[in-house]
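As structure tokens, the structure follows; a few thoughts come after it.
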Amino acid sequence: MMKNIKKYLSILVMALLFNACHNLDEINDNPNYVNETHPQLLLTEIASNAFQVEGTRALYASRMIIQTGEENNYQFYKWGNGSFAPYNELRQITKMIEEAQRIENSNYVAIGKFFRAYYFYKLSLSFGDIPYSEALAGETGNYQPGYDSQERVFAGIINELDEAAGLINNNETIDGDIIYNGNPTNWLKLINSFQLKVLMTLSGKEQVEGINISEKFNEVYQRGNLINSLDENAQLVFVDQQDSRYTEFNSSSYASSMFMSATFVDLLKELKDNRLFIIAEQTSSATSEAKPIEDFESYNGGDPTANYSLISETLVADGNISKVNARYYTNPTTEPHNILSYWEIEYILAEATVREWINSDASQHYENAVRANFEFYRNHAEEYNMYLSEAYVNQYLSQENVKLPVADKEVLLERILTQKYLTSFLQGGWTQYYDYLRTGHPYFKFTNANTPPKRFVYPNDEYNNNTRNLEEAINSQFNGNDGIRETPWWLN
């Protein structure tokens with residue numbers, strides 16, 4: 001009986017295999033498999049992913065928060081491997097560009113080139129040299145791309161942004177656009193503005209692959225069409241729906257052992273800056289004593305270089321340290337997240353004026369930036385509006401330690417970069433940390449044993465899957481040492 005069952009099963013399997021092979025062409029022509037799509041369907045997901053809040057790592061590194069439950073590697077400047085995850089997004093962007101070219105729609109190509117520039121910029125700042133010209137060629141069989149020098153990557157980014165600006169068609173709306181609701185002019189403004197940001201990142205360089213940095217900056221500035229109001233912010237507005245809520249909503253880490261850093265809190269207190277009330281909570285002891293919200297002494301931060309257990313045993317135990325304002329993790333829509341804002345562009349233009357890259361009014365750009373950020377919080381933290389009035393902002397700008405002095409270039413840069421830093425809590429990702437590496441402003445406290453890292457270690461997957469090309473890149477940049485304190489080209 002068992003032998004007959006096995007025999008019938010054998011015959012049945014062979015018949016199924018024969019039938020499968022016979023109908024292979026029909027399977028390959030499965031009508032449910034779509035190999036073409038409109039780029040608008042890809043744009044929505046690409047934009048949503050790109051504009052999410054990047055989390056707390058940059059906040060630890062930039063001396064805005066500290067950890068008291070354990071030693072945080074980002075706080076103590078001990079991080080290691082970074083991630084090549086942005087290449088996954090770049091694959092989707094490549095597909096969007098291909099589909100846009102198929103339907104001959106230049107706006108989606110332009111936006112695709114912007115997102116390419118955005119991700120390659122982030123990747124190169126994270127590591128140094130990266131796969132660029134040979135990247136994303138897996139469909140052609142190249143699974144081990146060579147690395148381009150960081151200088152070549154930045155030159156490519158600048159050129160791609162030029163190409164993107166030239167492709168925008170203002171007469172054709174952009175479907176699937178959750179950032180600018182289909183307005184191509186605003187995308188052009190973002191492309192030009194982001195190019196200014198890239199060029200300012202290279203403030204320590206005179207040229208990149210023959211491109212004069214200051215002259216190119218002035219050229220883009222004179223071109224016009226820059227982000228010129230809060231309405232043109234490159235931001236994602238969150239809504240109270242599944243998968244569309246504020247990125248940090250319901251994050252338990254904020255309510256546990258995460259507290260504010262003294263670096264950030266003390267600076268806001270020194271400037272009598274009411275944005276402190278929006279970003280931080282009063283200490284628990286101040287709350288128990290019913291001290292008013294506007295009492296600056298009811299806020300306190302912890303030393304970012306002190307041992308975490310010591311902070312816990314003293315400030316936390318005594319109720320004398322502030323948490324992050326609960327609105328960031330209890331409000332599902334909190335505030336939009338900007339990857340590039342009107343105030344950041346105004347700070348960049350103020351800095352460019354001080355560096356004499358453009359002929360403009362640094363004080364006006366600076367004031368525009370300060371006012372814009374206060375207005376942003378008036379719009380999105382309405383319960384604190386009484387502390388953010390125009391009259392208060394006028395008074396704030398009149399302070400001697402806030403307004404721009406007349407002569408000293410280094411003091412001018414310090415004021416501009418410090419105010420820019422104060423606008424970056426859970427906004428703009430790692431921008432504030434890279435500004436610190438670039439300029440030294442504002443000052444970040446650290447121990448001699450753990451100086452601020454300048455990059456991430458390359459991902460382990462690259463060591464396993466692209467060994468030869470990776471080793472060549474490490475040798476050419478850092479004499480074989482893939483360390484976090486090695487100096488990449490942009491900081492040399």
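Letters for chains follow the order of the structure tokens (A, B, ...), residue numbers begin at 1 for each chain, and ligand numbers begin at 1 in the order shown.
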So which residues touch Thr173 in chain A within 8 Å, counting only C-alpha atoms, skipping near sequence neighbours fewer than 5 positions away, as a PDB file with all heavy atoms, in the first residue's frame?
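The new file out.pdb reads:
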ATOM      1  N   GLY A 182       2.141  70.191  -5.486  1.00  0.00           N
ATOM      2  CA  GLY A 182       2.204  70.242  -6.938  1.00  0.00           C
ATOM      3  C   GLY A 182       2.788  71.505  -7.528  1.00  0.00           C
ATOM      4  O   GLY A 182       2.799  71.670  -8.749  1.00  0.00           O
ATOM      5  N   ASN A 183       3.307  72.417  -6.696  1.00  0.00           N
ATOM      6  CA  ASN A 183       3.821  73.699  -7.180  1.00  0.00           C
ATOM      7  C   ASN A 183       5.269  73.566  -7.639  1.00  0.00           C
ATOM      8  O   ASN A 183       6.179  73.450  -6.816  1.00  0.00           O
ATOM      9  CB  ASN A 183       3.720  74.743  -6.062  1.00  0.00           C
ATOM     10  CG  ASN A 183       4.080  76.141  -6.533  1.00  0.00           C
ATOM     11  OD1 ASN A 183       4.894  76.325  -7.428  1.00  0.00           O
ATOM     12  ND2 ASN A 183       3.462  77.133  -5.913  1.00  0.00           N
ATOM     13  N   PRO A 184       5.551  73.591  -8.936  1.00  0.00           N
ATOM     14  CA  PRO A 184       6.918  73.412  -9.416  1.00  0.00           C
ATOM     15  C   PRO A 184       7.845  74.565  -9.052  1.00  0.00           C
ATOM     16  O   PRO A 184       9.050  74.369  -8.872  1.00  0.00           O
ATOM     17  CB  PRO A 184       6.762  73.282 -10.939  1.00  0.00           C
ATOM     18  CG  PRO A 184       5.455  73.915 -11.257  1.00  0.00           C
ATOM     19  CD  PRO A 184       4.587  73.717 -10.055  1.00  0.00           C
TER      20      PRO A 184
END
Each residue of range 167-270 of chain A lying at most 7 Å from range 105-124 of chain A should get a row with its shortest atom-to-atom pair and the distance in Å to one decimal, counting only C-alpha atoms; could you produce that, ordered by chain and increasing number, as a tab-separated table?
residue	atom	partner	partner_atom	distance
A:Leu167	CA	A:Ala110	CA	5.5
A:Ile168	CA	A:Asn107	CA	5.1
A:Asn169	CA	A:Asn107	CA	6.1
A:Ile191	CA	A:Phe114	CA	6.3
Distance criterion (only C-alpha atoms): nearest to Ser126 in chain A out of A:Asn401, A:Asn192, A:Ser251, A:Ser83: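 The answer is A:Ser83, which sits nearest to Ser126 in chain A.
Taking CA of Gly69 in chain A as the reference point, CA of Ala280 in chain A is found at 18.8 Å.
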What are the nearest atom pairs, with distances in Å to one decimal, for all residues of range 365-389 of chain A that come at most 10 Å from range 332-343 of chain A, using only C-alpha atoms, set out by chain and rising residue number as JSON lines?
{"residue": "A:His365", "atom": "CA", "partner": "A:Trp343", "partner_atom": "CA", "distance": 8.7}
{"residue": "A:Tyr366", "atom": "CA", "partner": "A:Trp343", "partner_atom": "CA", "distance": 8.5}
{"residue": "A:Glu367", "atom": "CA", "partner": "A:Trp343", "partner_atom": "CA", "distance": 9.4}
{"residue": "A:Asn368", "atom": "CA", "partner": "A:Trp343", "partner_atom": "CA", "distance": 7.1}
{"residue": "A:Ala369", "atom": "CA", "partner": "A:Trp343", "partner_atom": "CA", "distance": 4.1}
{"residue": "A:Val370", "atom": "CA", "partner": "A:Trp343", "partner_atom": "CA", "distance": 7.0}
{"residue": "A:Arg371", "atom": "CA", "partner": "A:Trp343", "partner_atom": "CA", "distance": 8.2}
{"residue": "A:Ala372", "atom": "CA", "partner": "A:Trp343", "partner_atom": "CA", "distance": 5.7}
{"residue": "A:Asn373", "atom": "CA", "partner": "A:Trp343", "partner_atom": "CA", "distance": 6.2}
{"residue": "A:Phe374", "atom": "CA", "partner": "A:Trp343", "partner_atom": "CA", "distance": 9.7}
{"residue": "A:Phe376", "atom": "CA", "partner": "A:Glu335", "partner_atom": "CA", "distance": 8.8}
{"residue": "A:Tyr377", "atom": "CA", "partner": "A:Glu335", "partner_atom": "CA", "distance": 8.3}
{"residue": "A:Asn379", "atom": "CA", "partner": "A:Glu335", "partner_atom": "CA", "distance": 8.7}
{"residue": "A:His380", "atom": "CA", "partner": "A:Glu335", "partner_atom": "CA", "distance": 5.5}
{"residue": "A:Ala381", "atom": "CA", "partner": "A:Glu335", "partner_atom": "CA", "distance": 7.6}
Taking N, CA and C atoms for each residue, export the selection above as a PDB file, in the first residue's frame.
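Output contents, as saved in out.pdb:
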ATOM      1  N   HIS A 365      19.408  89.757   6.955  1.00  0.00           N
ATOM      2  CA  HIS A 365      19.203  88.312   6.810  1.00  0.00           C
ATOM      3  C   HIS A 365      19.107  87.646   8.181  1.00  0.00           C
ATOM      4  N   TYR A 366      19.968  88.051   9.084  1.00  0.00           N
ATOM      5  CA  TYR A 366      19.993  87.499  10.447  1.00  0.00           C
ATOM      6  C   TYR A 366      18.678  87.771  11.159  1.00  0.00           C
ATOM      7  N   GLU A 367      18.210  89.016  11.078  1.00  0.00           N
ATOM      8  CA  GLU A 367      16.948  89.371  11.729  1.00  0.00           C
ATOM      9  C   GLU A 367      15.784  88.621  11.093  1.00  0.00           C
ATOM     10  N   ASN A 368      15.788  88.503   9.766  1.00  0.00           N
ATOM     11  CA  ASN A 368      14.732  87.731   9.082  1.00  0.00           C
ATOM     12  C   ASN A 368      14.683  86.304   9.615  1.00  0.00           C
ATOM     13  N   ALA A 369      15.867  85.711   9.810  1.00  0.00           N
ATOM     14  CA  ALA A 369      15.941  84.328  10.278  1.00  0.00           C
ATOM     15  C   ALA A 369      15.391  84.186  11.690  1.00  0.00           C
ATOM     16  N   VAL A 370      15.807  85.076  12.586  1.00  0.00           N
ATOM     17  CA  VAL A 370      15.337  85.004  13.972  1.00  0.00           C
ATOM     18  C   VAL A 370      13.822  85.161  14.024  1.00  0.00           C
ATOM     19  N   ARG A 371      13.319  86.173  13.333  1.00  0.00           N
ATOM     20  CA  ARG A 371      11.872  86.409  13.350  1.00  0.00           C
ATOM     21  C   ARG A 371      11.102  85.235  12.757  1.00  0.00           C
ATOM     22  N   ALA A 372      11.635  84.652  11.698  1.00  0.00           N
ATOM     23  CA  ALA A 372      10.934  83.542  11.045  1.00  0.00           C
ATOM     24  C   ALA A 372      10.809  82.343  11.962  1.00  0.00           C
ATOM     25  N   ASN A 373      11.847  82.044  12.726  1.00  0.00           N
ATOM     26  CA  ASN A 373      11.776  80.890  13.609  1.00  0.00           C
ATOM     27  C   ASN A 373      10.785  81.106  14.741  1.00  0.00           C
ATOM     28  N   PHE A 374      10.752  82.308  15.298  1.00  0.00           N
ATOM     29  CA  PHE A 374       9.747  82.598  16.325  1.00  0.00           C
ATOM     30  C   PHE A 374       8.341  82.507  15.735  1.00  0.00           C
ATOM     31  N   PHE A 376       7.420  80.576  13.260  1.00  0.00           N
ATOM     32  CA  PHE A 376       7.164  79.151  13.076  1.00  0.00           C
ATOM     33  C   PHE A 376       6.598  78.551  14.354  1.00  0.00           C
ATOM     34  N   TYR A 377       7.207  78.874  15.494  1.00  0.00           N
ATOM     35  CA  TYR A 377       6.704  78.324  16.756  1.00  0.00           C
ATOM     36  C   TYR A 377       5.377  78.951  17.157  1.00  0.00           C
ATOM     37  N   ASN A 379       3.101  79.591  15.121  1.00  0.00           N
ATOM     38  CA  ASN A 379       2.130  78.873  14.291  1.00  0.00           C
ATOM     39  C   ASN A 379       1.888  77.445  14.766  1.00  0.00           C
ATOM     40  N   HIS A 380       2.895  76.826  15.388  1.00  0.00           N
ATOM     41  CA  HIS A 380       2.798  75.391  15.668  1.00  0.00           C
ATOM     42  C   HIS A 380       2.919  75.027  17.148  1.00  0.00           C
ATOM     43  N   ALA A 381       3.116  75.997  18.001  1.00  0.00           N
ATOM     44  CA  ALA A 381       3.086  75.763  19.449  1.00  0.00           C
ATOM     45  C   ALA A 381       2.201  76.852  20.056  1.00  0.00           C
TER      46      ALA A 381
END
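Nearest to Asn181 in chain A of all the residues A:Ile130, A:Ile311, A:Ala234, A:Ala286 is A:Ala234, counting only C-alpha atoms.
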Have a look at A:Gln399, A:Tyr147, A:Ser257, A:Ile103 and name the one nearest to Thr467 in chain A; count only C-alpha atoms. A:Tyr147
Determine which residues of range 286-426 of chain A DSSP labels as strand (DSSP E or B) from the backbone of this structure, then write them out as a list in words. Gly302, Val324, His337, Asn338, Ile339 and Leu340 of chain A
Kindly save the residues from that selection, with N, CA and C atoms included, as a compact mmCIF listing (two decimals), in the first residue's frame.
# COMPACT_ATOMS: atom_id res chain seq x y z
N GLY A 302 21.79 68.90 32.20
CA GLY A 302 22.90 68.15 32.77
C GLY A 302 24.15 68.28 31.91
N VAL A 324 12.63 66.83 27.91
CA VAL A 324 12.15 67.40 26.65
C VAL A 324 10.67 67.69 26.81
N HIS A 337 8.26 69.00 10.03
CA HIS A 337 9.71 68.82 10.06
C HIS A 337 10.32 69.36 8.77
N ASN A 338 11.32 70.22 8.93
CA ASN A 338 11.98 70.86 7.80
C ASN A 338 13.30 70.18 7.47
N ILE A 339 13.52 69.89 6.20
CA ILE A 339 14.87 69.54 5.78
C ILE A 339 15.61 70.79 5.30
N LEU A 340 14.85 71.83 4.99
CA LEU A 340 15.44 73.14 4.68
C LEU A 340 14.35 74.18 4.88
With only C-alpha atoms as the atoms that count, which of A:Val208, A:Ile293, A:Ile174, A:Ala164 lies nearest to Leu188 in chain A? A:Ala164
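Using only C-alpha atoms, the nearest neighbour of Leu190 in chain A within the list A:Glu54, A:Glu151, A:Glu139, A:Glu344 is A:Glu344.
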Run DSSP on the backbone and grab whatever in range 127-305 of chain A lands in helix (DSSP H, G or I); send it over as an MDAnalysis selection string. chainID A and resid 127 138:140 150:167 184:201 213:223 230:232 252:255 262:270 275:279 284:288 296:298
